[in-house]
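> What follows is a single structure, and I will ask about it in a moment.
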Amino acid sequence: MRFEITGENRLGITRDVVDALTSRGLDIRAFEVTPHHIYADIPAIGPDDFAELARSLMRVPGIRNAQPIDHLPTERRRAQLHATLAAMGDPVIAVNANGLIAQVNPAAQKIAGTAKQPLRDLPLASILTEPDIATLRHAGFSQSEREVTLGGQTYLLQVEPIGRVEDGSPVHNTGPREDDAPWGGVLIFHRAARLGRVITALQDHNQTEFGDIIGDSRALARVKTQAQRLAIVDAPLLILGETGTGKELFARACHRASKRHDQPFLALNCAALPEGLAESELFGYAAGAFTSARRGGKPGLLELADGGSLFLDEIGELSPYLQAKLLRVLQDGRFRRVGGTDEISVDVRIISATNRDLEAMSQTGSFREDLYFRLNVLSITLPPLRERREDIDALADYFIARAARQTERPCPKIARDALQWLVTRDWKGNVRELENTLFRAVALLDGDILAASDLQSAYGPHSASREAQSGTAPEPSPPQLANTAPSSANVAQPGFENTLIDQALLCGNHGMAMEMLEKNLLERLYPDYPSSRKLAARLGLSHTAVANKLRKYGIGA
């Protein structure tokens, strides 16, 4: 039975307790002492005998209580340590100062040893050539991360000393002693793929899924359905579409819907880096590969994304040299680091994207045809924003609310004429251009209503000339503002204003027709500008003139 004894922290109390136990002829299997606490494990004591033993112990001067416990403190700490080590997916090895392995976790045993030959008590040199034990002792069992090979696999090694108490101070505080030297060290082997999962967790907080992609238009629904089917197929995926259509958003959603969803997702913009830097980022580099290379080398994105997905944006900008190296990875999953000689095997799903015509580029020789066929196993084409105008309403609401949070201001309301203005644009930059325009408009807005004039100002100083060139500028006549339905579907209906003109033509004379159009205009604008002063500012008229017109038509009464 295991039990705990509590009492005073006086000199000789432990000896008195031991004498009381041994006088009864009891065999003490384990005994631990801390201030005010004594723990013992005596197999011969059963539950029926403990009450008498406790009364005997209470007669020792200074003893206040004795009670059974499930585990001794050392047993509890050992069980917690073993559970912690077993939960770690990376190999962990503890060695003593002589270089003998004192403890390993299951991951280390699986990679560096066998089930029939435990690693414990073996020399560290039998499984790890560098660093040797002399180097570790000289460094005080404390080293910055360096690249090593364990069980034929590449890891980043981290070494921490053993021989410190919980607050990090030396074991002895009375001055330098020989015992202050570390008793050994803990070697932690970090896999590049695990680091990739950490990077993914830090970068992708929202974990984008298909349900997070805004829009219910028929064009977007069709491509989302197609992407969901292709996401579960473990093969290279090529995402085509104009700039700003959300290719990376779809790439992340495809990764989340795939069998690799709990593995790393990393991205590289192939157009953002020169060839040499892009090569080292993608493939990594070996130790001493170039002058400024990090000691021990550096794993590339392919290694960090091992088991997961690697998104290569703007794949059409990849140089011919890197196209050839990437082709090898797609063929057999093997590559060499920059300046390295060892081949590295990885299991990575390549998701690529471009706004260029890769098929035409492959025919002209500017893009490798064999690489194009390897990348284009599965493909989806994202529709431009002009082909799904009915999504602009929901997108505008989302971007306006987010811009308001980012600029720390109340969320403004979007006026109907502003929504119509958004729907009539061609948006050559697609959703990204829409987002940027709305952000500028919200950041510069003085009031609490976002009008078309605010969007025109945010669209750019030459928006009028651009609209004229693109042929998308709306007619400035009142009938365009005189729409009757607030939804984007109605705003975008061609010929709706013609119906209003037809109604005006049925009026008896010019005055009646103008009054009908004017009344319709005021009725459409008043919900967004619910006062005569706001409405006057919107129309560029005097407050008195607008107030008289509202009374005349009975609006807002």
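Starting from 1 in every chain, residues are counted up; chains themselves are A, B, ... following the order of the structure tokens, and ligands are numbered from 1 as listed.
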Can you tell me, as a list in words, what residues are no more than 10 Å from Leu375 (chain A) when counting only C-alpha atoms, ignoring any on the same chain fewer than 4 positions away?
Ala235, Pro236, Leu237, Leu238, Ile239, Ile315, Leu327, Leu330, Ile350, Ile351, Ser352, Ala353, Glu369, Asp370, Leu371 and Ser379 of chain A
> Between A:Gly62, A:Pro118, A:Gly215, A:Gly244, single out the one closest to Leu395 (chain A), counting only C-alpha atoms.
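Using only C-alpha atoms, the shortest distance to Leu395 (chain A) belongs to A:Gly215.
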> Near Leu11 (chain A), within 12 Å and counting only C-alpha atoms, which residues show up once chain neighbours fewer than 2 positions away are dropped, as a PDB file with all heavy atoms, in the first residue's frame?

ATOM      1  N   GLY A   7       3.438  16.172   8.526  1.00  0.00           N
ATOM      2  CA  GLY A   7       3.814  16.587   9.870  1.00  0.00           C
ATOM      3  C   GLY A   7       4.751  17.762   9.849  1.00  0.00           C
ATOM      4  O   GLY A   7       4.907  18.455   8.835  1.00  0.00           O
ATOM      5  N   GLU A   8       5.422  17.977  10.981  1.00  0.00           N
ATOM      6  CA  GLU A   8       6.335  19.102  11.110  1.00  0.00           C
ATOM      7  C   GLU A   8       7.613  18.846  10.323  1.00  0.00           C
ATOM      8  O   GLU A   8       7.979  17.693  10.055  1.00  0.00           O
ATOM      9  CB  GLU A   8       6.675  19.315  12.591  1.00  0.00           C
ATOM     10  CG  GLU A   8       5.480  19.675  13.462  1.00  0.00           C
ATOM     11  CD  GLU A   8       5.862  19.785  14.923  1.00  0.00           C
ATOM     12  OE1 GLU A   8       7.073  19.590  15.232  1.00  0.00           O
ATOM     13  OE2 GLU A   8       4.975  20.057  15.747  1.00  0.00           O
ATOM     14  N   ASN A   9       8.304  19.920  10.016  1.00  0.00           N
ATOM     15  CA  ASN A   9       9.577  19.815   9.298  1.00  0.00           C
ATOM     16  C   ASN A   9      10.716  19.953  10.318  1.00  0.00           C
ATOM     17  O   ASN A   9      11.470  20.903  10.323  1.00  0.00           O
ATOM     18  CB  ASN A   9       9.673  20.907   8.229  1.00  0.00           C
ATOM     19  CG  ASN A   9      10.903  20.718   7.348  1.00  0.00           C
ATOM     20  OD1 ASN A   9      11.418  19.613   7.219  1.00  0.00           O
ATOM     21  ND2 ASN A   9      11.393  21.808   6.755  1.00  0.00           N
ATOM     22  N   ILE A  13      12.688  13.739  12.248  1.00  0.00           N
ATOM     23  CA  ILE A  13      11.347  13.169  12.149  1.00  0.00           C
ATOM     24  C   ILE A  13      11.297  12.008  11.164  1.00  0.00           C
ATOM     25  O   ILE A  13      10.577  11.023  11.373  1.00  0.00           O
ATOM     26  CB  ILE A  13      10.310  14.260  11.792  1.00  0.00           C
ATOM     27  CG1 ILE A  13       8.886  13.720  12.010  1.00  0.00           C
ATOM     28  CG2 ILE A  13      10.510  14.757  10.379  1.00  0.00           C
ATOM     29  CD1 ILE A  13       7.816  14.797  11.880  1.00  0.00           C
ATOM     30  N   THR A  14      12.112  12.097  10.090  1.00  0.00           N
ATOM     31  CA  THR A  14      12.121  11.017   9.100  1.00  0.00           C
ATOM     32  C   THR A  14      12.669   9.727   9.724  1.00  0.00           C
ATOM     33  O   THR A  14      12.127   8.626   9.511  1.00  0.00           O
ATOM     34  CB  THR A  14      12.966  11.417   7.872  1.00  0.00           C
ATOM     35  OG1 THR A  14      12.426  12.606   7.304  1.00  0.00           O
ATOM     36  CG2 THR A  14      12.967  10.315   6.826  1.00  0.00           C
ATOM     37  N   ARG A  15      13.738   9.866  10.548  1.00  0.00           N
ATOM     38  CA  ARG A  15      14.302   8.659  11.198  1.00  0.00           C
ATOM     39  C   ARG A  15      13.304   8.047  12.173  1.00  0.00           C
ATOM     40  O   ARG A  15      13.190   6.813  12.268  1.00  0.00           O
ATOM     41  CB  ARG A  15      15.584   9.028  11.917  1.00  0.00           C
ATOM     42  CG  ARG A  15      16.218   7.852  12.611  1.00  0.00           C
ATOM     43  CD  ARG A  15      17.595   8.160  13.088  1.00  0.00           C
ATOM     44  NE  ARG A  15      18.197   6.999  13.729  1.00  0.00           N
ATOM     45  CZ  ARG A  15      19.460   6.943  14.144  1.00  0.00           C
ATOM     46  NH1 ARG A  15      20.240   7.995  13.979  1.00  0.00           N
ATOM     47  NH2 ARG A  15      19.935   5.845  14.713  1.00  0.00           N
ATOM     48  N   ASP A  16      12.552   8.906  12.866  1.00  0.00           N
ATOM     49  CA  ASP A  16      11.555   8.383  13.792  1.00  0.00           C
ATOM     50  C   ASP A  16      10.477   7.584  13.055  1.00  0.00           C
ATOM     51  O   ASP A  16      10.023   6.537  13.542  1.00  0.00           O
ATOM     52  CB  ASP A  16      10.908   9.531  14.573  1.00  0.00           C
ATOM     53  CG  ASP A  16      11.897  10.213  15.517  1.00  0.00           C
ATOM     54  OD1 ASP A  16      12.946   9.609  15.802  1.00  0.00           O
ATOM     55  OD2 ASP A  16      11.613  11.362  15.929  1.00  0.00           O
ATOM     56  N   VAL A  17      10.061   8.068  11.866  1.00  0.00           N
ATOM     57  CA  VAL A  17       9.048   7.360  11.077  1.00  0.00           C
ATOM     58  C   VAL A  17       9.605   6.030  10.591  1.00  0.00           C
ATOM     59  O   VAL A  17       8.928   4.981  10.650  1.00  0.00           O
ATOM     60  CB  VAL A  17       8.571   8.224   9.901  1.00  0.00           C
ATOM     61  CG1 VAL A  17       7.717   7.409   8.930  1.00  0.00           C
ATOM     62  CG2 VAL A  17       7.789   9.417  10.404  1.00  0.00           C
ATOM     63  N   PRO A  35       9.680  18.436   2.303  1.00  0.00           N
ATOM     64  CA  PRO A  35       9.319  19.184   3.507  1.00  0.00           C
ATOM     65  C   PRO A  35       7.840  18.988   3.868  1.00  0.00           C
ATOM     66  O   PRO A  35       6.959  19.161   3.021  1.00  0.00           O
ATOM     67  CB  PRO A  35       9.615  20.637   3.118  1.00  0.00           C
ATOM     68  CG  PRO A  35      10.708  20.526   2.113  1.00  0.00           C
ATOM     69  CD  PRO A  35      10.402  19.285   1.336  1.00  0.00           C
ATOM     70  N   HIS A  36       7.613  18.547   5.120  1.00  0.00           N
ATOM     71  CA  HIS A  36       6.278  18.337   5.688  1.00  0.00           C
ATOM     72  C   HIS A  36       5.573  17.091   5.138  1.00  0.00           C
ATOM     73  O   HIS A  36       4.442  16.810   5.541  1.00  0.00           O
ATOM     74  CB  HIS A  36       5.357  19.558   5.463  1.00  0.00           C
ATOM     75  CG  HIS A  36       5.871  20.812   6.082  1.00  0.00           C
ATOM     76  ND1 HIS A  36       5.854  21.040   7.444  1.00  0.00           N
ATOM     77  CD2 HIS A  36       6.446  21.908   5.515  1.00  0.00           C
ATOM     78  CE1 HIS A  36       6.364  22.233   7.698  1.00  0.00           C
ATOM     79  NE2 HIS A  36       6.751  22.788   6.545  1.00  0.00           N
ATOM     80  N   PRO A  61       6.184  12.107  17.584  1.00  0.00           N
ATOM     81  CA  PRO A  61       6.067  13.562  17.798  1.00  0.00           C
ATOM     82  C   PRO A  61       6.165  14.344  16.481  1.00  0.00           C
ATOM     83  O   PRO A  61       7.077  14.123  15.678  1.00  0.00           O
ATOM     84  CB  PRO A  61       7.250  13.880  18.721  1.00  0.00           C
ATOM     85  CG  PRO A  61       7.550  12.594  19.418  1.00  0.00           C
ATOM     86  CD  PRO A  61       7.250  11.510  18.423  1.00  0.00           C
ATOM     87  N   GLY A  62       5.199  15.223  16.234  1.00  0.00           N
ATOM     88  CA  GLY A  62       5.205  16.073  15.039  1.00  0.00           C
ATOM     89  C   GLY A  62       4.386  15.537  13.887  1.00  0.00           C
ATOM     90  O   GLY A  62       4.130  16.257  12.919  1.00  0.00           O
TER      91      GLY A  62
END
> Restricting the calculation to only C-alpha atoms, which member of A:Leu302, A:Val442, A:Leu358, A:Leu187 is positioned closest to Leu240 (chain A)?
A:Leu358
> Nearest to Gly152 (chain A) among A:Leu128, A:Ala404, A:Leu53, A:Gln228, with distances taken over only C-alpha atoms: which residue is it?
A:Leu128
> Using only C-alpha atoms, which of the listed residues (A:Ala102, A:Ala108, A:Met512, A:Ala418) sits closest to Gly89 (chain A)?
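Answer, going by the shortest atom-to-atom distance: A:Ala108.
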> Work out how far CA of Ala441 (chain A) is from CA of Arg409 (chain A), in Å to one decimal.
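The value is 12.7 Å.
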> I'd like the neighbourhood of Leu26 (chain A) as a PyMOL selection string, where a residue qualifies if any of its atoms comes within 9 Å (using only C-alpha atoms), though same-chain residues fewer than 2 positions away should be ignored.
chain A and resi 21-24+28+42-45
> Selected residues, N, CA and C atoms, written as a compact mmCIF listing (two decimals), in the first residue's frame, please.

# COMPACT_ATOMS: atom_id res chain seq x y z
N LEU A 21 8.29 2.13 11.43
CA LEU A 21 7.91 1.16 10.40
C LEU A 21 8.74 -0.12 10.53
N THR A 22 10.05 0.04 10.70
CA THR A 22 10.91 -1.15 10.76
C THR A 22 10.71 -1.93 12.06
N SER A 23 10.25 -1.27 13.13
CA SER A 23 10.00 -1.97 14.38
C SER A 23 8.86 -2.97 14.24
N ARG A 24 8.04 -2.79 13.24
CA ARG A 24 6.94 -3.72 12.97
C ARG A 24 7.34 -4.79 11.96
N ILE A 28 10.07 -1.85 3.36
CA ILE A 28 9.75 -0.60 2.66
C ILE A 28 10.28 -0.69 1.22
N ILE A 42 4.59 0.19 1.01
CA ILE A 42 4.85 -1.03 1.77
C ILE A 42 3.85 -2.08 1.31
N PRO A 43 4.27 -3.04 0.48
CA PRO A 43 3.33 -4.04 -0.07
C PRO A 43 2.62 -4.87 1.00
N ALA A 44 3.27 -5.09 2.18
CA ALA A 44 2.69 -5.98 3.18
C ALA A 44 1.49 -5.38 3.89
N ILE A 45 1.29 -4.08 3.78
CA ILE A 45 0.19 -3.41 4.46
C ILE A 45 -1.05 -3.44 3.57
> If we count only C-alpha atoms and set the cut-off at 12 Å, which residues sit around region 360-362 of chain A, ignoring sequence neighbours fewer than 2 positions away in its own chain? Please answer as an mmCIF file with N, CA, C and O atoms, in the first residue's frame.

data_model
loop_
_atom_site.group_PDB
_atom_site.id
_atom_site.type_symbol
_atom_site.label_atom_id
_atom_site.label_comp_id
_atom_site.auth_asym_id
_atom_site.auth_seq_id
_atom_site.Cartn_x
_atom_site.Cartn_y
_atom_site.Cartn_z
ATOM 1 N N ILE A 315 1.888 30.053 -61.787
ATOM 2 C CA ILE A 315 2.783 29.002 -62.244
ATOM 3 C C ILE A 315 3.330 29.302 -63.636
ATOM 4 O O ILE A 315 4.417 28.843 -64.004
ATOM 5 N N GLY A 316 2.599 30.115 -64.395
ATOM 6 C CA GLY A 316 3.050 30.459 -65.745
ATOM 7 C C GLY A 316 4.299 31.309 -65.768
ATOM 8 O O GLY A 316 4.937 31.456 -66.817
ATOM 9 N N GLU A 317 4.667 31.909 -64.619
ATOM 10 C CA GLU A 317 5.862 32.754 -64.546
ATOM 11 C C GLU A 317 7.104 31.972 -64.155
ATOM 12 O O GLU A 317 8.186 32.553 -64.032
ATOM 13 N N PRO A 320 12.167 28.335 -67.126
ATOM 14 C CA PRO A 320 12.338 27.004 -67.728
ATOM 15 C C PRO A 320 13.155 26.058 -66.863
ATOM 16 O O PRO A 320 12.872 24.861 -66.807
ATOM 17 N N GLN A 323 10.973 24.866 -64.118
ATOM 18 C CA GLN A 323 9.946 23.990 -64.700
ATOM 19 C C GLN A 323 10.480 22.564 -64.810
ATOM 20 O O GLN A 323 9.763 21.590 -64.512
ATOM 21 N N THR A 354 -3.002 30.020 -62.394
ATOM 22 C CA THR A 354 -2.469 31.022 -63.310
ATOM 23 C C THR A 354 -3.614 31.757 -63.990
ATOM 24 O O THR A 354 -4.728 31.222 -64.109
ATOM 25 N N ASN A 355 -3.318 32.977 -64.415
ATOM 26 C CA ASN A 355 -4.278 33.725 -65.230
ATOM 27 C C ASN A 355 -3.847 33.764 -66.697
ATOM 28 O O ASN A 355 -4.425 34.491 -67.494
ATOM 29 N N ARG A 356 -2.834 32.969 -67.031
ATOM 30 C CA ARG A 356 -2.333 32.919 -68.400
ATOM 31 C C ARG A 356 -2.832 31.643 -69.094
ATOM 32 O O ARG A 356 -3.263 30.682 -68.448
ATOM 33 N N ASP A 357 -2.739 31.640 -70.403
ATOM 34 C CA ASP A 357 -3.168 30.492 -71.204
ATOM 35 C C ASP A 357 -1.992 29.531 -71.349
ATOM 36 O O ASP A 357 -1.160 29.670 -72.255
ATOM 37 N N LEU A 358 -1.900 28.568 -70.432
ATOM 38 C CA LEU A 358 -0.759 27.648 -70.439
ATOM 39 C C LEU A 358 -0.737 26.773 -71.682
ATOM 40 O O LEU A 358 0.341 26.407 -72.173
ATOM 41 N N THR A 364 3.745 27.486 -77.980
ATOM 42 C CA THR A 364 4.768 28.418 -78.464
ATOM 43 C C THR A 364 6.133 28.134 -77.846
ATOM 44 O O THR A 364 7.123 28.755 -78.240
ATOM 45 N N GLY A 365 6.209 27.233 -76.879
ATOM 46 C CA GLY A 365 7.485 26.865 -76.285
ATOM 47 C C GLY A 365 7.873 27.668 -75.066
ATOM 48 O O GLY A 365 8.946 27.446 -74.490
ATOM 49 N N SER A 366 7.049 28.612 -74.612
ATOM 50 C CA SER A 366 7.382 29.413 -73.432
ATOM 51 C C SER A 366 7.042 28.683 -72.133
ATOM 52 O O SER A 366 7.413 29.152 -71.050
ATOM 53 N N PHE A 367 6.337 27.556 -72.233
ATOM 54 C CA PHE A 367 6.050 26.724 -71.056
ATOM 55 C C PHE A 367 6.162 25.268 -71.490
ATOM 56 O O PHE A 367 5.654 24.894 -72.558
ATOM 57 N N ARG A 368 6.820 24.458 -70.681
ATOM 58 C CA ARG A 368 7.052 23.060 -71.044
ATOM 59 C C ARG A 368 5.722 22.334 -71.223
ATOM 60 O O ARG A 368 4.860 22.341 -70.340
ATOM 61 N N GLU A 369 5.592 21.677 -72.363
ATOM 62 C CA GLU A 369 4.357 20.975 -72.660
ATOM 63 C C GLU A 369 4.159 19.778 -71.732
ATOM 64 O O GLU A 369 3.044 19.520 -71.248
ATOM 65 N N ASP A 370 5.265 19.068 -71.422
ATOM 66 C CA ASP A 370 5.139 17.905 -70.551
ATOM 67 C C ASP A 370 4.757 18.325 -69.131
ATOM 68 O O ASP A 370 4.005 17.637 -68.442
ATOM 69 N N LEU A 371 5.253 19.486 -68.675
ATOM 70 C CA LEU A 371 4.864 19.981 -67.352
ATOM 71 C C LEU A 371 3.397 20.398 -67.343
ATOM 72 O O LEU A 371 2.676 20.160 -66.359
ATOM 73 N N TYR A 372 2.956 21.015 -68.437
ATOM 74 C CA TYR A 372 1.552 21.417 -68.530
ATOM 75 C C TYR A 372 0.630 20.200 -68.400
ATOM 76 O O TYR A 372 -0.379 20.246 -67.686
ATOM 77 N N PHE A 373 0.987 19.110 -69.069
ATOM 78 C CA PHE A 373 0.161 17.908 -68.988
ATOM 79 C C PHE A 373 0.186 17.320 -67.570
ATOM 80 O O PHE A 373 -0.815 16.766 -67.103
#
> To test your reading of the structure, identify every residue in region 241-284 of chain A that backbone DSSP assigns to strand (DSSP E or B), and report it as number ranges by chain.
A: 265-269, 284
> Between CA of Arg260 (chain A) and CA of Ala112 (chain A), what is the spacing in Å?
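CA of Arg260 (chain A) lies at a distance of 26.4 Å from CA of Ala112 (chain A).
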